[in-house]
Amino acid sequence: MKIKHITEISGALMRARWKQTLVAAVGVTFSIAFFISLLGFMEGLNQLLDGIVLNRTPHIRLYNDILPSKIQPIDLSENYKNHHNFISSLKPINARKEIYNAPQIINKINKDKRVIGVAPKITAQVFYNLGNIDLNGIINGVNPEKEAAFFSFNDYIVGGKPLDLKNVSNSIILGQGAANTMRAKVGDIITVTSTEGEQFSLKVIGFFQSGISEIDKVQSFASLSTTQKILGENSNYISDIQIKLKDMTQAPAMAVEYENFFKIDAEDIQTANAQFETGSSVRSIISYAVGITLLIVSGFGIYNILNMLIYEKMDTIAILKATGFAGTDVKKIFISISLSIGIVGALAGILFGFLLSLSIDAIPFNSPTLPTVSTYPIDYGIQYYTVAAVFALITTFFAGWFPAKKASKVDPVIIIRGK
């Protein structure tokens, strides 16, 4: 049978029950719209939450870990060389935190085509002096330009300019929590004490706010040279080498490679932040499950409507088959009705879902812990629209296929005899 005839008959049947057809199309529309907006919002939220930590975390970190020596004196004895020795109460070795030949290592890594960039870092344990009270603190010595380029450093700075760390000597960017405790303002001079008992006066040039209050109460930033002065070390002193890769998934393998090559401890981002990736995966699975459930429910609605249509149009189906229409033709008619509802609903749902996402994206979101976020996060990834449209078409196809199969088996003689 010609496609033209199938289209005309399908259109006539849909117009005959246009209210039910409209309800089915609206069901698909809302299912797709909420699927897209829900997935976009949840993925945007995942990116926001993970970005708080992952944006500030290097893909690979090289450092000297504090561990007991792998070779103990008993292992050097010829008498116990082939024995399995049990040793308790091992103490860490007196190893230096400084990375030996750090400049040469950085130059070597920079030549690796898999690497975007390398940023040196120094971690200094200090005490913030607040009258007679000393507060625990950590000062991270960084290169502000490289931190901004590789780790979104500028996004977390409020009330100051990151480059002032380089331009203003003996300056510090305080964590917002520590600044609130000390009532410090930009331009104030604070005093810190190193673990060696040396006191230093530093000028506050800005505040750092990561969104994690416990970190902001302790963590602050200074230039590499200022941190080296606080520790009493020379200009070559580096305690951490932070590496940014072109492909983050290569981090575990490259961490092992660098550890073996440079004979230094290495930690990859997946190991350091496994809990965040797990949380993101769980939230994504829940979002997809809820969205797909909505589409399946709308498919059942179409199935019920077509079932009712078949029962009401048994005489029409019988006449069609009596005038020469084959069972496959009748099946094509009802499948075309179902797919028409799916296509119209999918197109309307994609448009409505996009508009709904724009509406959510425009809702103000003001949080003192996230100063860089002004509205609710939304991810406009094309994959959500594609998955929604494809799944809607699949759902509506099967919702129409089962009733169509039933309609194709109708015996016109029995129906006409009953009439």
# chains A, B, ... in the order shown; residues from 1 in each chain; ligands from 1
>>> select_by_dssp(residues="segment 364-404 of chain A", states="alpha helix (DSSP H)", output="VMD selection string")
chain A and resid 382 to 404
>>> select_by_dssp(residues="segment 226-283 of chain A", states="strand (DSSP E or B)", output="number ranges by chain")
A: 240-245, 265-268
>>> write_last_selection(atoms="N, CA and C atoms", output="short mmCIF file (atom, residue, chain, number, x, y, z; two decimals), in the first residue's frame")
data_model
loop_
_atom_site.label_atom_id
_atom_site.label_comp_id
_atom_site.auth_asym_id
_atom_site.auth_seq_id
_atom_site.Cartn_x
_atom_site.Cartn_y
_atom_site.Cartn_z
N ASP A 240 56.44 20.20 46.22
CA ASP A 240 55.45 19.51 45.38
C ASP A 240 55.60 19.97 43.93
N ILE A 241 55.37 19.05 43.02
CA ILE A 241 55.30 19.38 41.60
C ILE A 241 53.92 18.96 41.10
N GLN A 242 53.15 19.94 40.65
CA GLN A 242 51.78 19.69 40.20
C GLN A 242 51.75 19.63 38.67
N ILE A 243 51.12 18.58 38.15
CA ILE A 243 51.12 18.33 36.71
C ILE A 243 49.70 18.32 36.18
N LYS A 244 49.48 19.06 35.12
CA LYS A 244 48.18 19.09 34.44
C LYS A 244 48.33 18.36 33.11
N LEU A 245 47.46 17.37 32.86
CA LEU A 245 47.55 16.55 31.65
C LEU A 245 46.50 16.95 30.63
N ASP A 265 57.68 9.84 44.98
CA ASP A 265 56.28 9.46 45.17
C ASP A 265 55.38 10.25 44.24
N ALA A 266 54.37 9.58 43.70
CA ALA A 266 53.43 10.22 42.77
C ALA A 266 52.01 9.80 43.13
N GLU A 267 51.09 10.76 43.06
CA GLU A 267 49.69 10.50 43.36
C GLU A 267 48.84 11.05 42.23
N ASP A 268 47.94 10.22 41.68
CA ASP A 268 47.08 10.66 40.58
C ASP A 268 45.76 11.17 41.13
#
>>> residues_around(residues="segment 212-228 of chain A", least_positions_apart="2", cutoff="8 Å", atoms="only C-alpha atoms", output="PDB file with C-alpha atoms, in the first residue's frame")
ATOM      1  CA  ILE A  52      35.367  22.837  43.922  1.00  0.00           C
ATOM      2  CA  LYS A 121      54.365  24.334  44.981  1.00  0.00           C
ATOM      3  CA  ILE A 122      55.614  24.595  48.556  1.00  0.00           C
ATOM      4  CA  THR A 123      53.595  23.648  51.617  1.00  0.00           C
ATOM      5  CA  ALA A 124      54.506  25.348  54.894  1.00  0.00           C
ATOM      6  CA  ASN A 136      46.887  26.342  62.909  1.00  0.00           C
ATOM      7  CA  GLY A 137      47.489  27.263  59.296  1.00  0.00           C
ATOM      8  CA  ILE A 138      49.008  26.096  56.041  1.00  0.00           C
ATOM      9  CA  ILE A 139      50.619  28.479  53.580  1.00  0.00           C
ATOM     10  CA  ASN A 140      50.890  27.233  50.026  1.00  0.00           C
ATOM     11  CA  GLY A 141      53.717  28.802  48.096  1.00  0.00           C
ATOM     12  CA  VAL A 142      52.645  29.017  44.463  1.00  0.00           C
ATOM     13  CA  ASN A 143      53.328  30.692  41.160  1.00  0.00           C
ATOM     14  CA  PRO A 144      50.090  32.706  40.737  1.00  0.00           C
ATOM     15  CA  LEU A 165      51.447  37.801  45.279  1.00  0.00           C
ATOM     16  CA  LYS A 166      54.227  38.164  42.728  1.00  0.00           C
ATOM     17  CA  SER A 169      56.815  41.231  48.572  1.00  0.00           C
ATOM     18  CA  ASN A 170      55.923  39.396  51.792  1.00  0.00           C
ATOM     19  CA  SER A 171      52.236  39.247  50.855  1.00  0.00           C
ATOM     20  CA  ILE A 172      49.562  36.639  51.550  1.00  0.00           C
ATOM     21  CA  ILE A 173      46.108  35.668  50.305  1.00  0.00           C
ATOM     22  CA  LEU A 174      44.253  34.470  53.388  1.00  0.00           C
ATOM     23  CA  GLY A 175      41.626  31.754  53.398  1.00  0.00           C
ATOM     24  CA  GLN A 176      38.246  33.407  53.951  1.00  0.00           C
ATOM     25  CA  GLY A 177      37.600  31.381  57.109  1.00  0.00           C
ATOM     26  CA  ALA A 178      40.957  32.356  58.636  1.00  0.00           C
ATOM     27  CA  ALA A 179      40.393  35.992  57.629  1.00  0.00           C
ATOM     28  CA  THR A 181      38.463  34.588  62.511  1.00  0.00           C
ATOM     29  CA  PHE A 208      40.710  32.713  48.991  1.00  0.00           C
ATOM     30  CA  GLN A 209      37.303  31.027  49.139  1.00  0.00           C
ATOM     31  CA  SER A 210      37.103  27.447  47.888  1.00  0.00           C
ATOM     32  CA  ILE A 230      59.246  31.453  56.031  1.00  0.00           C
ATOM     33  CA  LEU A 231      60.777  27.970  55.901  1.00  0.00           C
ATOM     34  CA  GLY A 232      64.326  29.328  55.844  1.00  0.00           C
ATOM     35  CA  GLU A 233      65.109  27.499  52.623  1.00  0.00           C
ATOM     36  CA  ASN A 234      66.957  28.491  49.442  1.00  0.00           C
ATOM     37  CA  SER A 235      65.376  29.516  46.142  1.00  0.00           C
ATOM     38  CA  TYR A 237      63.375  24.480  47.516  1.00  0.00           C
ATOM     39  CA  THR A 369      30.654  29.751  50.419  1.00  0.00           C
TER      40      THR A 369
END
>>> residues_around(residues="segment 57-67 of chain A", least_positions_apart="6", cutoff="9 Å", atoms="only C-alpha atoms", output="ChimeraX atom specification")
/A:91-99,119,150-151,239-245,248-252,254-255,258-259,264-270,272-273
>>> residues_around(residues="Asn107 of chain A", least_positions_apart="3", cutoff="12 Å", atoms="only C-alpha atoms", output="list in words")
Asn101, Ala102, Pro103, Gln104, Asn110, Lys111, Asp112, Val115, Gly117, Val118, Ala119, Pro120, Ile241 and Ile243 of chain A
>>> atom_distance(atom1="atom CA of Lys405 of chain A", atom2="atom CA of Thr328 of chain A")
8.5 Å
>>> closest_residue(among="A:Asn46, A:Phe200, A:Ile205, A:Ile87", to="Asp188 of chain A", atoms="only C-alpha atoms")
A:Ile205
>>> closest_residue(among="A:Val28, A:Val23, A:Met182, A:Ile238", to="Leu347 of chain A", atoms="only C-alpha atoms")
A:Val28
>>> closest_residue(among="A:Tyr288, A:Phe402, A:Phe365, A:Phe262", to="Ile335 of chain A", atoms="only C-alpha atoms")
A:Phe402
>>> residues_around(residues="Ile296 of chain A", least_positions_apart="5", cutoff="9 Å", atoms="only C-alpha atoms", output="PDB file with N, CA and C atoms, in the first residue's frame")
ATOM      1  N   SER A  31       7.667  14.466  29.515  1.00  0.00           N
ATOM      2  CA  SER A  31       8.678  13.480  29.907  1.00  0.00           C
ATOM      3  C   SER A  31      10.051  13.879  29.393  1.00  0.00           C
ATOM      4  N   GLY A 291      14.767   9.950  34.739  1.00  0.00           N
ATOM      5  CA  GLY A 291      14.374  10.452  33.423  1.00  0.00           C
ATOM      6  C   GLY A 291      13.840   9.361  32.519  1.00  0.00           C
ATOM      7  N   GLY A 301       1.290   5.318  28.460  1.00  0.00           N
ATOM      8  CA  GLY A 301       0.132   6.145  28.130  1.00  0.00           C
ATOM      9  C   GLY A 301      -0.247   6.017  26.668  1.00  0.00           C
ATOM     10  N   PHE A 391      15.371   7.790  22.883  1.00  0.00           N
ATOM     11  CA  PHE A 391      14.633   6.905  23.782  1.00  0.00           C
ATOM     12  C   PHE A 391      13.132   7.130  23.651  1.00  0.00           C
ATOM     13  N   ALA A 392      12.716   8.373  23.407  1.00  0.00           N
ATOM     14  CA  ALA A 392      11.293   8.651  23.216  1.00  0.00           C
ATOM     15  C   ALA A 392      10.762   7.952  21.974  1.00  0.00           C
ATOM     16  N   THR A 395      10.579   4.214  22.696  1.00  0.00           N
ATOM     17  CA  THR A 395       9.455   3.920  23.593  1.00  0.00           C
ATOM     18  C   THR A 395       8.126   3.990  22.857  1.00  0.00           C
ATOM     19  N   THR A 396       7.937   5.042  22.065  1.00  0.00           N
ATOM     20  CA  THR A 396       6.663   5.195  21.346  1.00  0.00           C
ATOM     21  C   THR A 396       6.500   4.140  20.250  1.00  0.00           C
TER      22      THR A 396
END
>>> residues_around(residues="Gly11 of chain A", least_positions_apart="4", cutoff="8 Å", atoms="only C-alpha atoms", output="PDB file with C-alpha atoms, in the first residue's frame")
ATOM      1  CA  THR A   7      -0.645   8.750   6.079  1.00  0.00           C
ATOM      2  CA  ARG A  15      -8.197  13.447  14.283  1.00  0.00           C
ATOM      3  CA  ILE A 337       0.232   6.946  14.592  1.00  0.00           C
TER       4      ILE A 337
END
>>> atom_distance(atom1="atom CA of Ile378 of chain A", atom2="atom CA of Ser281 of chain A")
16.9 Å
>>> closest_residue(among="A:Trp401, A:Phe354, A:Phe207, A:Phe34", to="Ile292 of chain A", atoms="only C-alpha atoms")
A:Phe34
>>> decode(residues="segment 183-231 of chain A", atoms="N, CA and C atoms", output="CSV table (one decimal), in the first residue's frame")
chain,number,residue,atom,x,y,z
A,183,ARG,N,39.5,38.7,61.7
A,183,ARG,CA,39.0,40.0,61.4
A,183,ARG,C,39.9,40.8,60.5
A,184,ALA,N,40.6,40.1,59.6
A,184,ALA,CA,41.6,40.7,58.7
A,184,ALA,C,40.9,41.3,57.5
A,185,LYS,N,41.5,42.4,57.0
A,185,LYS,CA,41.0,43.1,55.8
A,185,LYS,C,42.2,43.3,54.8
A,186,VAL,N,41.8,43.5,53.6
A,186,VAL,CA,42.9,43.8,52.6
A,186,VAL,C,43.7,45.0,53.0
A,187,GLY,N,45.0,44.8,53.0
A,187,GLY,CA,45.9,45.9,53.5
A,187,GLY,C,46.4,45.7,54.9
A,188,ASP,N,45.8,44.8,55.6
A,188,ASP,CA,46.2,44.6,57.0
A,188,ASP,C,47.6,43.8,57.0
A,189,ILE,N,48.3,43.9,58.1
A,189,ILE,CA,49.5,43.2,58.3
A,189,ILE,C,49.2,42.1,59.4
A,190,ILE,N,49.5,40.9,59.1
A,190,ILE,CA,49.3,39.8,60.0
A,190,ILE,C,50.7,39.1,60.3
A,191,THR,N,50.7,38.4,61.5
A,191,THR,CA,52.0,37.8,61.9
A,191,THR,C,51.8,36.3,61.9
A,192,VAL,N,52.7,35.6,61.3
A,192,VAL,CA,52.7,34.1,61.3
A,192,VAL,C,54.0,33.6,61.9
A,193,THR,N,53.9,32.4,62.5
A,193,THR,CA,55.1,31.8,63.1
A,193,THR,C,55.3,30.5,62.5
A,194,SER,N,56.5,30.2,62.1
A,194,SER,CA,56.9,29.0,61.4
A,194,SER,C,57.0,27.9,62.5
A,195,THR,N,57.2,26.7,62.1
A,195,THR,CA,57.3,25.6,63.0
A,195,THR,C,58.7,25.6,63.7
A,196,GLU,N,59.6,26.4,63.2
A,196,GLU,CA,60.9,26.6,63.8
A,196,GLU,C,60.9,27.8,64.8
A,197,GLY,N,59.8,28.4,64.9
A,197,GLY,CA,59.7,29.5,65.9
A,197,GLY,C,59.9,30.9,65.4
A,198,GLU,N,60.2,31.0,64.1
A,198,GLU,CA,60.5,32.3,63.5
A,198,GLU,C,59.2,33.0,63.1
A,199,GLN,N,59.1,34.3,63.4
A,199,GLN,CA,57.9,35.1,63.1
A,199,GLN,C,58.1,36.0,61.9
A,200,PHE,N,57.1,36.1,61.1
A,200,PHE,CA,57.1,36.9,59.9
A,200,PHE,C,55.8,37.7,59.8
A,201,SER,N,56.0,39.0,59.3
A,201,SER,CA,54.9,39.9,59.0
A,201,SER,C,54.5,39.8,57.6
A,202,LEU,N,53.3,39.6,57.3
A,202,LEU,CA,52.8,39.5,55.9
A,202,LEU,C,51.6,40.4,55.7
A,203,LYS,N,51.6,41.0,54.5
A,203,LYS,CA,50.5,41.9,54.1
A,203,LYS,C,49.4,41.1,53.4
A,204,VAL,N,48.2,41.3,53.9
A,204,VAL,CA,47.0,40.7,53.3
A,204,VAL,C,46.6,41.4,52.0
A,205,ILE,N,46.6,40.7,50.9
A,205,ILE,CA,46.3,41.3,49.6
A,205,ILE,C,45.0,40.8,49.0
A,206,GLY,N,44.4,39.8,49.6
A,206,GLY,CA,43.2,39.2,49.1
A,206,GLY,C,42.8,38.0,49.9
A,207,PHE,N,41.6,37.4,49.5
A,207,PHE,CA,41.1,36.3,50.2
A,207,PHE,C,40.8,35.1,49.3
A,208,PHE,N,41.0,33.9,49.8
A,208,PHE,CA,40.7,32.7,49.0
A,208,PHE,C,39.5,32.0,49.6
A,209,GLN,N,38.5,31.7,48.7
A,209,GLN,CA,37.3,31.0,49.1
A,209,GLN,C,37.0,29.9,48.2
A,210,SER,N,37.3,28.7,48.7
A,210,SER,CA,37.1,27.4,47.9
A,210,SER,C,35.7,26.9,47.9
A,211,GLY,N,34.9,27.3,48.9
A,211,GLY,CA,33.6,26.7,49.1
A,211,GLY,C,33.5,25.6,50.1
A,212,ILE,N,34.7,25.2,50.6
A,212,ILE,CA,34.8,24.2,51.7
A,212,ILE,C,35.3,24.9,52.9
A,213,SER,N,34.5,25.2,53.9
A,213,SER,CA,34.8,26.1,55.0
A,213,SER,C,36.0,25.5,55.8
A,214,GLU,N,36.1,24.2,56.0
A,214,GLU,CA,37.2,23.7,56.8
A,214,GLU,C,38.5,24.0,56.2
A,215,ILE,N,38.6,24.0,54.9
A,215,ILE,CA,39.8,24.3,54.2
A,215,ILE,C,40.1,25.8,54.3
A,216,ASP,N,39.1,26.6,54.1
A,216,ASP,CA,39.3,28.0,54.1
A,216,ASP,C,39.7,28.6,55.5
A,217,LYS,N,39.5,27.8,56.6
A,217,LYS,CA,39.9,28.2,57.9
A,217,LYS,C,41.4,28.1,58.1
A,218,VAL,N,42.0,27.2,57.3
A,218,VAL,CA,43.4,26.9,57.5
A,218,VAL,C,44.3,27.3,56.3
A,219,GLN,N,43.8,27.2,55.1
A,219,GLN,CA,44.7,27.3,53.9
A,219,GLN,C,44.8,28.8,53.5
A,220,SER,N,46.0,29.2,53.2
A,220,SER,CA,46.3,30.5,52.6
A,220,SER,C,47.4,30.3,51.5
A,221,PHE,N,47.7,31.4,50.8
A,221,PHE,CA,48.6,31.4,49.7
A,221,PHE,C,49.6,32.5,49.7
A,222,ALA,N,50.8,32.2,49.4
A,222,ALA,CA,51.9,33.2,49.2
A,222,ALA,C,52.7,32.8,48.0
A,223,SER,N,53.6,33.7,47.7
A,223,SER,CA,54.5,33.4,46.5
A,223,SER,C,55.5,32.3,46.9
A,224,LEU,N,56.2,31.8,45.9
A,224,LEU,CA,57.2,30.8,46.2
A,224,LEU,C,58.3,31.4,47.1
A,225,SER,N,58.8,32.5,46.7
A,225,SER,CA,59.9,33.2,47.4
A,225,SER,C,59.5,33.5,48.9
A,226,THR,N,58.3,34.0,49.1
A,226,THR,CA,57.9,34.3,50.5
A,226,THR,C,57.8,33.0,51.3
A,227,THR,N,57.3,32.0,50.8
A,227,THR,CA,57.2,30.7,51.5
A,227,THR,C,58.6,30.1,51.8
A,228,GLN,N,59.5,30.3,50.9
A,228,GLN,CA,60.9,29.8,51.1
A,228,GLN,C,61.5,30.6,52.2
A,229,LYS,N,61.2,31.9,52.3
A,229,LYS,CA,61.8,32.7,53.4
A,229,LYS,C,61.2,32.2,54.8
A,230,ILE,N,59.9,31.9,54.8
A,230,ILE,CA,59.2,31.5,56.0
A,230,ILE,C,59.9,30.1,56.5
A,231,LEU,N,60.2,29.3,55.6
A,231,LEU,CA,60.8,28.0,55.9
A,231,LEU,C,62.3,28.1,56.1
